[in-house]
file work.cif (mmCIF, C-alpha atoms)
data_protein
loop_
_atom_site.group_PDB
_atom_site.id
_atom_site.type_symbol
_atom_site.label_atom_id
_atom_site.label_comp_id
_atom_site.auth_asym_id
_atom_site.auth_seq_id
_atom_site.Cartn_x
_atom_site.Cartn_y
_atom_site.Cartn_z
ATOM 1 C CA MET A 1 124.370 104.689 109.209
ATOM 2 C CA ARG A 2 121.793 106.960 110.740
ATOM 3 C CA ARG A 3 121.580 107.580 114.476
ATOM 4 C CA PHE A 4 118.658 109.074 116.384
ATOM 5 C CA GLN A 5 119.988 111.416 119.094
ATOM 6 C CA ASN A 6 118.370 111.414 122.558
ATOM 7 C CA SER A 7 117.129 114.985 122.390
ATOM 8 C CA CYS A 8 115.102 114.487 119.249
ATOM 9 C CA SER A 9 114.470 110.733 119.022
ATOM 10 C CA LEU A 10 110.817 110.866 120.052
ATOM 11 C CA LEU A 11 110.020 113.838 117.820
ATOM 12 C CA LEU A 12 111.640 112.213 114.816
ATOM 13 C CA LEU A 13 109.838 108.947 115.452
ATOM 14 C CA LEU A 14 106.492 110.763 115.717
ATOM 15 C CA LEU A 15 107.174 112.507 112.437
ATOM 16 C CA ILE A 16 108.032 109.175 110.829
ATOM 17 C CA LEU A 17 104.814 107.706 112.200
ATOM 18 C CA CYS A 18 102.717 110.491 110.712
ATOM 19 C CA GLU A 19 104.443 110.208 107.343
ATOM 20 C CA ALA A 20 104.479 106.424 107.177
ATOM 21 C CA HIS A 21 100.879 105.673 108.142
ATOM 22 C CA PRO A 22 98.377 107.504 105.966
ATOM 23 C CA ALA A 23 95.758 104.859 106.779
ATOM 24 C CA PRO A 24 92.237 105.887 105.788
ATOM 25 C CA ALA A 25 89.957 106.563 108.746
ATOM 26 C CA GLN A 26 87.589 103.748 107.806
ATOM 27 C CA GLU A 27 90.350 101.183 108.196
ATOM 28 C CA SER A 28 90.055 99.736 111.673
ATOM 29 C CA ASP A 29 90.436 96.386 113.406
ATOM 30 C CA SER A 30 86.996 95.425 112.046
ATOM 31 C CA GLY A 31 88.499 95.504 108.549
ATOM 32 C CA TYR A 32 91.018 92.809 109.409
ATOM 33 C CA LYS A 33 90.835 89.106 110.054
ATOM 34 C CA THR A 34 93.152 86.794 111.999
ATOM 35 C CA ILE A 35 93.498 83.090 111.353
ATOM 36 C CA HIS A 36 95.408 81.216 114.038
ATOM 37 C CA ASP A 37 97.639 78.149 113.942
ATOM 38 C CA ILE A 38 97.842 77.468 110.219
ATOM 39 C CA PRO A 39 100.261 74.561 109.615
ATOM 40 C CA TYR A 40 102.986 75.535 107.181
ATOM 41 C CA ARG A 41 104.521 72.080 107.011
ATOM 42 C CA SER A 42 102.734 69.255 105.235
ATOM 43 C CA ALA A 43 100.878 66.556 107.145
ATOM 44 C CA ALA A 44 103.379 64.035 105.824
ATOM 45 C CA GLU A 45 106.265 66.042 107.308
ATOM 46 C CA THR A 46 104.675 66.474 110.737
ATOM 47 C CA ALA A 47 103.117 63.001 111.070
ATOM 48 C CA GLN A 48 106.317 61.452 112.387
ATOM 49 C CA ASN A 49 107.595 64.505 114.273
ATOM 50 C CA GLU A 50 105.473 65.619 117.219
ATOM 51 C CA TYR A 51 107.618 68.677 117.915
ATOM 52 C CA MET A 52 107.387 69.814 114.303
ATOM 53 C CA HIS A 53 103.626 69.325 114.474
ATOM 54 C CA GLU A 54 103.497 71.457 117.633
ATOM 55 C CA ARG A 55 105.715 74.330 116.504
ATOM 56 C CA CYS A 56 105.396 74.630 112.729
ATOM 57 C CA LYS A 57 102.317 76.845 112.692
ATOM 58 C CA LEU A 58 101.669 80.470 111.865
ATOM 59 C CA ASP A 59 99.053 83.150 112.451
ATOM 60 C CA LEU A 60 97.819 85.241 109.531
ATOM 61 C CA TYR A 61 96.485 88.765 110.093
ATOM 62 C CA TYR A 62 95.254 90.425 106.902
ATOM 63 C CA PRO A 63 92.991 93.237 105.644
ATOM 64 C CA THR A 64 89.630 92.178 104.253
ATOM 65 C CA THR A 65 88.811 95.373 102.370
ATOM 66 C CA ILE A 66 92.137 95.911 100.560
ATOM 67 C CA LYS A 67 93.591 94.024 97.610
ATOM 68 C CA ASN A 68 97.208 93.498 96.582
ATOM 69 C CA PHE A 69 98.441 94.465 100.031
ATOM 70 C CA PRO A 70 102.043 93.959 101.232
ATOM 71 C CA THR A 71 102.799 91.209 103.741
ATOM 72 C CA VAL A 72 105.350 91.030 106.541
ATOM 73 C CA VAL A 73 106.532 87.602 107.672
ATOM 74 C CA TRP A 74 107.467 88.172 111.327
ATOM 75 C CA PHE A 75 109.871 85.950 113.293
ATOM 76 C CA HIS A 76 109.916 86.262 117.086
ATOM 77 C CA GLY A 77 113.090 86.512 119.152
ATOM 78 C CA GLY A 78 114.307 84.361 122.021
ATOM 79 C CA GLY A 79 117.835 83.274 121.188
ATOM 80 C CA LEU A 80 116.609 80.301 119.102
ATOM 81 C CA LYS A 81 115.753 78.785 122.498
ATOM 82 C CA GLY A 82 112.418 80.396 123.413
ATOM 83 C CA GLY A 83 109.623 82.695 122.337
ATOM 84 C CA ARG A 84 106.364 82.291 120.494
ATOM 85 C CA LYS A 85 104.519 83.877 117.596
ATOM 86 C CA SER A 86 102.481 87.034 117.998
ATOM 87 C CA ILE A 87 101.238 89.823 115.728
ATOM 88 C CA PRO A 88 103.066 93.042 116.721
ATOM 89 C CA LYS A 89 100.448 95.609 117.714
ATOM 90 C CA ALA A 90 102.255 98.398 115.845
ATOM 91 C CA LEU A 91 101.922 96.466 112.577
ATOM 92 C CA LYS A 92 98.160 96.092 112.916
ATOM 93 C CA ASP A 93 95.674 98.284 111.068
ATOM 94 C CA GLN A 94 98.352 99.536 108.657
ATOM 95 C CA GLY A 95 97.041 98.212 105.343
ATOM 96 C CA ILE A 96 99.359 95.190 105.437
ATOM 97 C CA ALA A 97 99.168 91.525 106.333
ATOM 98 C CA VAL A 98 101.354 89.992 109.017
ATOM 99 C CA VAL A 99 102.369 86.341 109.122
ATOM 100 C CA ALA A 100 103.636 85.507 112.635
ATOM 101 C CA VAL A 101 105.644 82.301 112.766
ATOM 102 C CA ASN A 102 106.530 79.682 115.352
ATOM 103 C CA TYR A 103 109.618 77.608 114.571
ATOM 104 C CA ARG A 104 111.435 74.770 116.299
ATOM 105 C CA LEU A 105 113.858 75.693 119.059
ATOM 106 C CA PHE A 106 117.075 74.421 120.626
ATOM 107 C CA PRO A 107 117.636 72.032 122.391
ATOM 108 C CA LYS A 108 114.645 70.044 121.117
ATOM 109 C CA ALA A 109 115.775 70.890 117.596
ATOM 110 C CA LYS A 110 119.297 71.392 116.270
ATOM 111 C CA LYS A 111 120.658 73.499 113.444
ATOM 112 C CA PRO A 112 119.544 74.018 110.765
ATOM 113 C CA ALA A 113 115.972 73.068 111.796
ATOM 114 C CA TYR A 114 114.982 76.627 112.715
ATOM 115 C CA LEU A 115 116.245 77.951 109.375
ATOM 116 C CA GLU A 116 114.444 75.180 107.518
ATOM 117 C CA ASP A 117 111.226 76.043 109.361
ATOM 118 C CA ALA A 118 111.639 79.757 108.685
ATOM 119 C CA ALA A 119 112.131 79.057 104.985
ATOM 120 C CA ALA A 120 109.054 76.799 104.923
ATOM 121 C CA ALA A 121 106.949 79.574 106.502
ATOM 122 C CA VAL A 122 108.136 82.148 103.971
ATOM 123 C CA ALA A 123 107.482 79.656 101.178
ATOM 124 C CA TRP A 124 103.953 79.121 102.515
ATOM 125 C CA THR A 125 103.432 82.876 102.318
ATOM 126 C CA PHE A 126 104.616 83.076 98.721
ATOM 127 C CA GLN A 127 102.387 80.160 97.778
ATOM 128 C CA ASN A 128 99.230 81.263 99.620
ATOM 129 C CA ILE A 129 99.029 85.007 100.259
ATOM 130 C CA ALA A 130 97.318 85.732 96.940
ATOM 131 C CA LYS A 131 94.365 83.603 98.112
ATOM 132 C CA TYR A 132 93.757 86.198 100.834
ATOM 133 C CA GLY A 133 94.196 89.199 98.529
ATOM 134 C CA GLY A 134 97.895 89.874 99.052
ATOM 135 C CA ASP A 135 100.537 90.633 96.436
ATOM 136 C CA PRO A 136 103.193 87.869 96.339
ATOM 137 C CA SER A 137 105.700 90.364 94.917
ATOM 138 C CA LEU A 138 105.400 92.466 98.094
ATOM 139 C CA ILE A 139 106.443 89.981 100.764
ATOM 140 C CA PHE A 140 108.801 91.401 103.383
ATOM 141 C CA VAL A 141 110.677 89.358 105.973
ATOM 142 C CA ALA A 142 111.374 90.801 109.417
ATOM 143 C CA GLY A 143 112.035 89.761 112.988
ATOM 144 C CA HIS A 144 113.672 90.725 116.259
ATOM 145 C CA SER A 145 116.917 89.315 117.690
ATOM 146 C CA ALA A 146 116.915 85.599 116.771
ATOM 147 C CA GLY A 147 114.122 86.497 114.358
ATOM 148 C CA GLY A 148 116.395 89.139 112.860
ATOM 149 C CA TYR A 149 119.092 86.502 112.405
ATOM 150 C CA LEU A 150 116.630 84.229 110.590
ATOM 151 C CA THR A 151 115.548 87.169 108.433
ATOM 152 C CA SER A 152 119.076 87.968 107.292
ATOM 153 C CA MET A 153 119.994 84.329 106.717
ATOM 154 C CA LEU A 154 116.944 83.639 104.556
ATOM 155 C CA GLY A 155 117.506 86.745 102.462
ATOM 156 C CA LEU A 156 121.257 86.454 101.990
ATOM 157 C CA ASP A 157 121.809 82.671 101.870
ATOM 158 C CA ARG A 158 119.685 81.539 98.952
ATOM 159 C CA ARG A 159 119.848 77.803 99.677
ATOM 160 C CA TRP A 160 117.078 77.789 102.297
ATOM 161 C CA LEU A 161 114.326 79.134 100.054
ATOM 162 C CA ALA A 162 115.781 77.359 97.022
ATOM 163 C CA ALA A 163 114.720 74.112 98.728
ATOM 164 C CA HIS A 164 111.147 75.321 98.070
ATOM 165 C CA GLU A 165 111.926 76.483 94.516
ATOM 166 C CA ILE A 166 111.813 80.136 95.576
ATOM 167 C CA ASP A 167 114.571 82.625 94.853
ATOM 168 C CA ALA A 168 115.399 84.695 97.931
ATOM 169 C CA ASN A 169 115.600 87.693 95.613
ATOM 170 C CA GLN A 170 111.809 87.520 95.291
ATOM 171 C CA ILE A 171 111.612 88.934 98.827
ATOM 172 C CA ALA A 172 110.642 92.609 98.577
ATOM 173 C CA GLY A 173 112.745 93.645 101.566
ATOM 174 C CA LEU A 174 114.609 92.345 104.607
ATOM 175 C CA ILE A 175 114.157 94.114 107.946
ATOM 176 C CA PRO A 176 116.173 92.462 110.736
ATOM 177 C CA TYR A 177 115.819 94.106 114.145
ATOM 178 C CA SER A 178 118.993 93.714 116.204
ATOM 179 C CA GLY A 179 119.899 90.376 114.693
ATOM 180 C CA HIS A 180 123.181 88.491 114.872
ATOM 181 C CA CYS A 181 125.285 89.012 111.751
ATOM 182 C CA ILE A 182 128.029 86.628 112.836
ATOM 183 C CA THR A 183 127.156 82.983 113.468
ATOM 184 C CA HIS A 184 124.373 82.935 116.068
ATOM 185 C CA MET A 185 125.413 82.289 119.677
ATOM 186 C CA THR A 186 123.113 79.254 119.945
ATOM 187 C CA VAL A 187 124.590 77.763 116.784
ATOM 188 C CA ARG A 188 128.037 78.331 118.314
ATOM 189 C CA GLU A 189 126.830 76.667 121.522
ATOM 190 C CA GLU A 190 125.801 73.612 119.523
ATOM 191 C CA MET A 191 129.321 73.562 118.083
ATOM 192 C CA GLY A 192 130.878 73.723 121.548
ATOM 193 C CA ILE A 193 132.103 77.290 120.999
ATOM 194 C CA GLY A 194 131.855 79.849 123.797
ATOM 195 C CA ARG A 195 129.449 82.777 123.636
ATOM 196 C CA ASP A 196 132.254 85.332 123.425
ATOM 197 C CA GLN A 197 134.138 83.545 120.625
ATOM 198 C CA PRO A 198 133.057 85.116 117.315
ATOM 199 C CA ILE A 199 132.708 82.897 114.273
ATOM 200 C CA ILE A 200 131.820 83.783 110.707
ATOM 201 C CA ASP A 201 131.020 80.591 108.814
ATOM 202 C CA ASP A 202 128.227 79.583 106.436
ATOM 203 C CA MET A 203 125.708 79.998 109.291
ATOM 204 C CA ALA A 204 126.504 83.730 109.489
ATOM 205 C CA PRO A 205 124.671 86.383 107.460
ATOM 206 C CA LEU A 206 128.001 88.171 106.934
ATOM 207 C CA TYR A 207 129.341 85.111 105.099
ATOM 208 C CA HIS A 208 126.649 85.527 102.442
ATOM 209 C CA ALA A 209 126.883 89.273 101.730
ATOM 210 C CA ARG A 210 126.120 89.764 98.035
ATOM 211 C CA LYS A 211 125.442 92.513 95.552
ATOM 212 C CA ASP A 212 122.095 91.274 94.267
ATOM 213 C CA ALA A 213 120.288 90.671 97.576
ATOM 214 C CA PRO A 214 116.894 92.247 98.341
ATOM 215 C CA PRO A 215 116.845 95.688 99.993
ATOM 216 C CA ILE A 216 117.921 95.393 103.625
ATOM 217 C CA LEU A 217 117.136 97.719 106.515
ATOM 218 C CA LEU A 218 119.311 96.997 109.557
ATOM 219 C CA ILE A 219 118.039 98.374 112.881
ATOM 220 C CA THR A 220 119.745 98.183 116.277
ATOM 221 C CA GLY A 221 119.415 99.767 119.673
ATOM 222 C CA ASP A 222 122.014 102.080 121.168
ATOM 223 C CA ARG A 223 125.501 100.558 120.815
ATOM 224 C CA ASN A 224 126.121 101.248 124.508
ATOM 225 C CA LEU A 225 122.862 99.598 125.624
ATOM 226 C CA GLU A 226 122.583 96.712 123.151
ATOM 227 C CA PHE A 227 123.903 93.193 123.598
ATOM 228 C CA PRO A 228 127.698 93.385 123.384
ATOM 229 C CA THR A 229 128.894 93.774 119.755
ATOM 230 C CA ARG A 230 125.362 93.651 118.314
ATOM 231 C CA TYR A 231 125.569 97.145 116.842
ATOM 232 C CA GLU A 232 129.098 96.507 115.590
ATOM 233 C CA GLU A 233 128.032 93.298 113.807
ATOM 234 C CA ASN A 234 125.295 95.176 111.999
ATOM 235 C CA ALA A 235 127.646 98.030 111.184
ATOM 236 C CA TYR A 236 130.060 95.504 109.665
ATOM 237 C CA LEU A 237 127.299 93.965 107.540
ATOM 238 C CA ASN A 238 126.191 97.423 106.465
ATOM 239 C CA SER A 239 129.740 98.256 105.342
ATOM 240 C CA LEU A 240 130.359 94.885 103.701
ATOM 241 C CA MET A 241 127.122 95.038 101.695
ATOM 242 C CA LYS A 242 128.246 98.371 100.314
ATOM 243 C CA VAL A 243 131.715 96.970 99.529
ATOM 244 C CA VAL A 244 130.202 94.134 97.465
ATOM 245 C CA GLY A 245 128.081 96.657 95.554
ATOM 246 C CA HIS A 246 124.672 96.351 97.179
ATOM 247 C CA LYS A 247 122.801 99.612 96.598
ATOM 248 C CA GLN A 248 119.946 99.354 99.110
ATOM 249 C CA THR A 249 121.431 98.657 102.539
ATOM 250 C CA GLN A 250 120.612 101.023 105.395
ATOM 251 C CA LEU A 251 121.560 100.978 109.083
ATOM 252 C CA PHE A 252 119.694 102.774 111.860
ATOM 253 C CA GLU A 253 120.982 102.937 115.432
ATOM 254 C CA LEU A 254 118.230 103.962 117.857
ATOM 255 C CA ASP A 255 120.003 106.063 120.438
ATOM 256 C CA GLY A 256 118.780 105.544 124.005
ATOM 257 C CA PHE A 257 117.010 102.243 123.263
ATOM 258 C CA THR A 258 118.064 98.826 124.565
ATOM 259 C CA HIS A 259 117.949 95.486 122.771
ATOM 260 C CA GLY A 260 114.401 94.989 124.016
ATOM 261 C CA THR A 261 112.996 98.510 123.847
ATOM 262 C CA MET A 262 114.216 99.159 120.285
ATOM 263 C CA VAL A 263 111.446 96.966 118.875
ATOM 264 C CA GLU A 264 108.601 99.499 119.062
ATOM 265 C CA PRO A 265 110.448 102.372 117.334
ATOM 266 C CA GLY A 266 111.845 99.752 114.975
ATOM 267 C CA HIS A 267 108.311 99.040 113.763
ATOM 268 C CA LEU A 268 107.958 102.665 112.705
ATOM 269 C CA LEU A 269 111.083 102.430 110.588
ATOM 270 C CA ALA A 270 109.944 99.112 109.128
ATOM 271 C CA LEU A 271 106.593 100.551 108.062
ATOM 272 C CA LYS A 272 108.301 103.502 106.444
ATOM 273 C CA GLU A 273 110.635 101.170 104.548
ATOM 274 C CA ILE A 274 107.684 99.118 103.312
ATOM 275 C CA GLN A 275 105.997 102.309 102.170
ATOM 276 C CA ARG A 276 109.181 103.370 100.338
ATOM 277 C CA ILE A 277 109.540 100.092 98.475
ATOM 278 C CA VAL A 278 105.853 99.849 97.591
ATOM 279 C CA LYS A 279 105.923 103.416 96.242
ATOM 280 C CA ALA A 280 109.016 102.659 94.151
ATOM 281 C CA ARG A 281 107.381 99.512 92.754
ATOM 282 C CA ASN A 282 104.251 101.461 91.817
ATOM 283 C CA GLN A 283 106.310 104.129 90.080
ATOM 284 C CA ASP A 284 108.155 101.477 88.114
ATOM 285 C CA GLU A 285 104.851 99.923 87.053
ATOM 286 C CA HIS A 286 103.557 103.282 85.808
ATOM 287 C CA LYS A 287 106.649 103.734 83.675
ATOM 288 C CA LYS A 288 106.077 100.454 81.839
#
call {"tool": "encode", "arguments": {"input": "work.cif", "output": "structure tokens"}}
result
Amino acid sequence: MRRFQNSCSLLLLLLILCEAHPAPAQESDSGYKTIHDIPYRSAAETAQNEYMHERCKLDLYYPTTIKNFPTVVWFHGGGLKGGRKSIPKALKDQGIAVVAVNYRLFPKAKKPAYLEDAAAAVAWTFQNIAKYGGDPSLIFVAGHSAGGYLTSMLGLDRRWLAAHEIDANQIAGLIPYSGHCITHMTVREEMGIGRDQPIIDDMAPLYHARKDAPPILLITGDRNLEFPTRYEENAYLNSLMKVVGHKQTQLFELDGFTHGTMVEPGHLLALKEIQRIVKARNQDEHKK
């Protein structure tokens, strides 16, 4: 686990920014295109479900002058009860595509609808990103809070993407920002379990810790400013992944940042992780 101390947090983050974003000067917003409200569920699926038709859409932001770019599938937060898709500003103009996803929410939808939607959106990305110039082998999944929970579940529990004939291990990297690692509080609410009663069942990322999962970068805010136990849950997953033999799990605690304010510095770490994995892939290709 790595922790940014208050006295040097901003300096370190600025250094990371400079190192992680060597974007050419000619790359600007004019070199990117956004397509809004692309359905990621089939017409047959949404025809009989008005709420699915309303929510199961995504926005695609992608570079028009770059080929074989990485893509981040981004899931918004909101406790599985609220929120809506948006392209994070810090991820724009960075030589990557961003797929921002809406998914069904409680109480209009019940578990595991939001996981099924998240898997369908990631599957859409695998099946379509090459049409826009992206590299399907460089698809990253990320999200904040509830979106971080969805990220970890999709990457660790292989059944959700398997429903679309996709192996979760095809994901290039998982980057959950301050996500639940125990069973999500809204899932527990559906089960009639109180918010402060921890459960680790098959709806918990911790339950699915495994050696062969994609690289995972865990990011939280300050343990003293975060939601109660959120840092500790991530620390437990970090330790457990190492116990089961996973070689690419990292944990960053952003000292001085709350659950909400950790998102912006989290983007800097995410971009650096994408750069690291892309560089490693390129080096492996050169060796072949």
call {"tool": "closest_residue", "arguments": {"input": "work.cif", "among": "A:Ile199, A:Ala172, A:Ala213, A:Val101", "to": "Thr186 in chain A", "atoms": "all atoms listed in the file"}}
result
A:Ile199
call {"tool": "closest_residue", "arguments": {"input": "work.cif", "among": "A:Pro228, A:Gly245, A:Pro70, A:Gly194", "to": "Ile129 in chain A", "atoms": "only C-alpha atoms"}}
result
A:Pro70
call {"tool": "resolve_selection", "arguments": {"input": "work.cif", "expression": "the PyMOL selection byres ((chain A and resi 36-46) around 7)", "output": "ChimeraX atom specification"}}
result
/A:34-35,47-50,52-53,56-60,120-121,124
call {"tool": "resolve_selection", "arguments": {"input": "work.cif", "expression": "the PyMOL selection byres ((chain A and resi 227) around 12)", "output": "MDAnalysis selection string"}}
result
chainID A and resid 79 145 178:180 185 195:196 220:226 228:234 257:260 262
call {"tool": "closest_residue", "arguments": {"input": "work.cif", "among": "A:Ile96, A:Ala146, A:Ile87, A:Leu80", "to": "Tyr62 in chain A", "atoms": "all atoms listed in the file"}}
result
A:Ile96
call {"tool": "resolve_selection", "arguments": {"input": "work.cif", "expression": "the PyMOL selection byres ((chain A and resi 72-76) around 8)", "output": "ChimeraX atom specification"}}
result
/A:70-71,77-78,83-87,96-102,118,122,125,139-148,150-151
call {"tool": "atom_distance", "arguments": {"input": "work.cif", "atom1": "CA of Ile166 in chain A", "atom2": "CA of Asp212 in chain A"}}
result
15.2 Å
call {"tool": "atom_distance", "arguments": {"input": "work.cif", "atom1": "CA of Thr249 in chain A", "atom2": "CA of Ile216 in chain A"}}
result
4.9 Å
call {"tool": "atom_distance", "arguments": {"input": "work.cif", "atom1": "CA of Ile200 in chain A", "atom2": "CA of His184 in chain A"}}
result
9.2 Å
call {"tool": "residues_around", "arguments": {"input": "work.cif", "residues": "Asn238 in chain A", "least_positions_apart": "5", "cutoff": "8 Å", "atoms": "all atoms listed in the file", "output": "list in words"}}
result
Met1, Leu218, Thr249, Gln250 and Leu251 of chain A
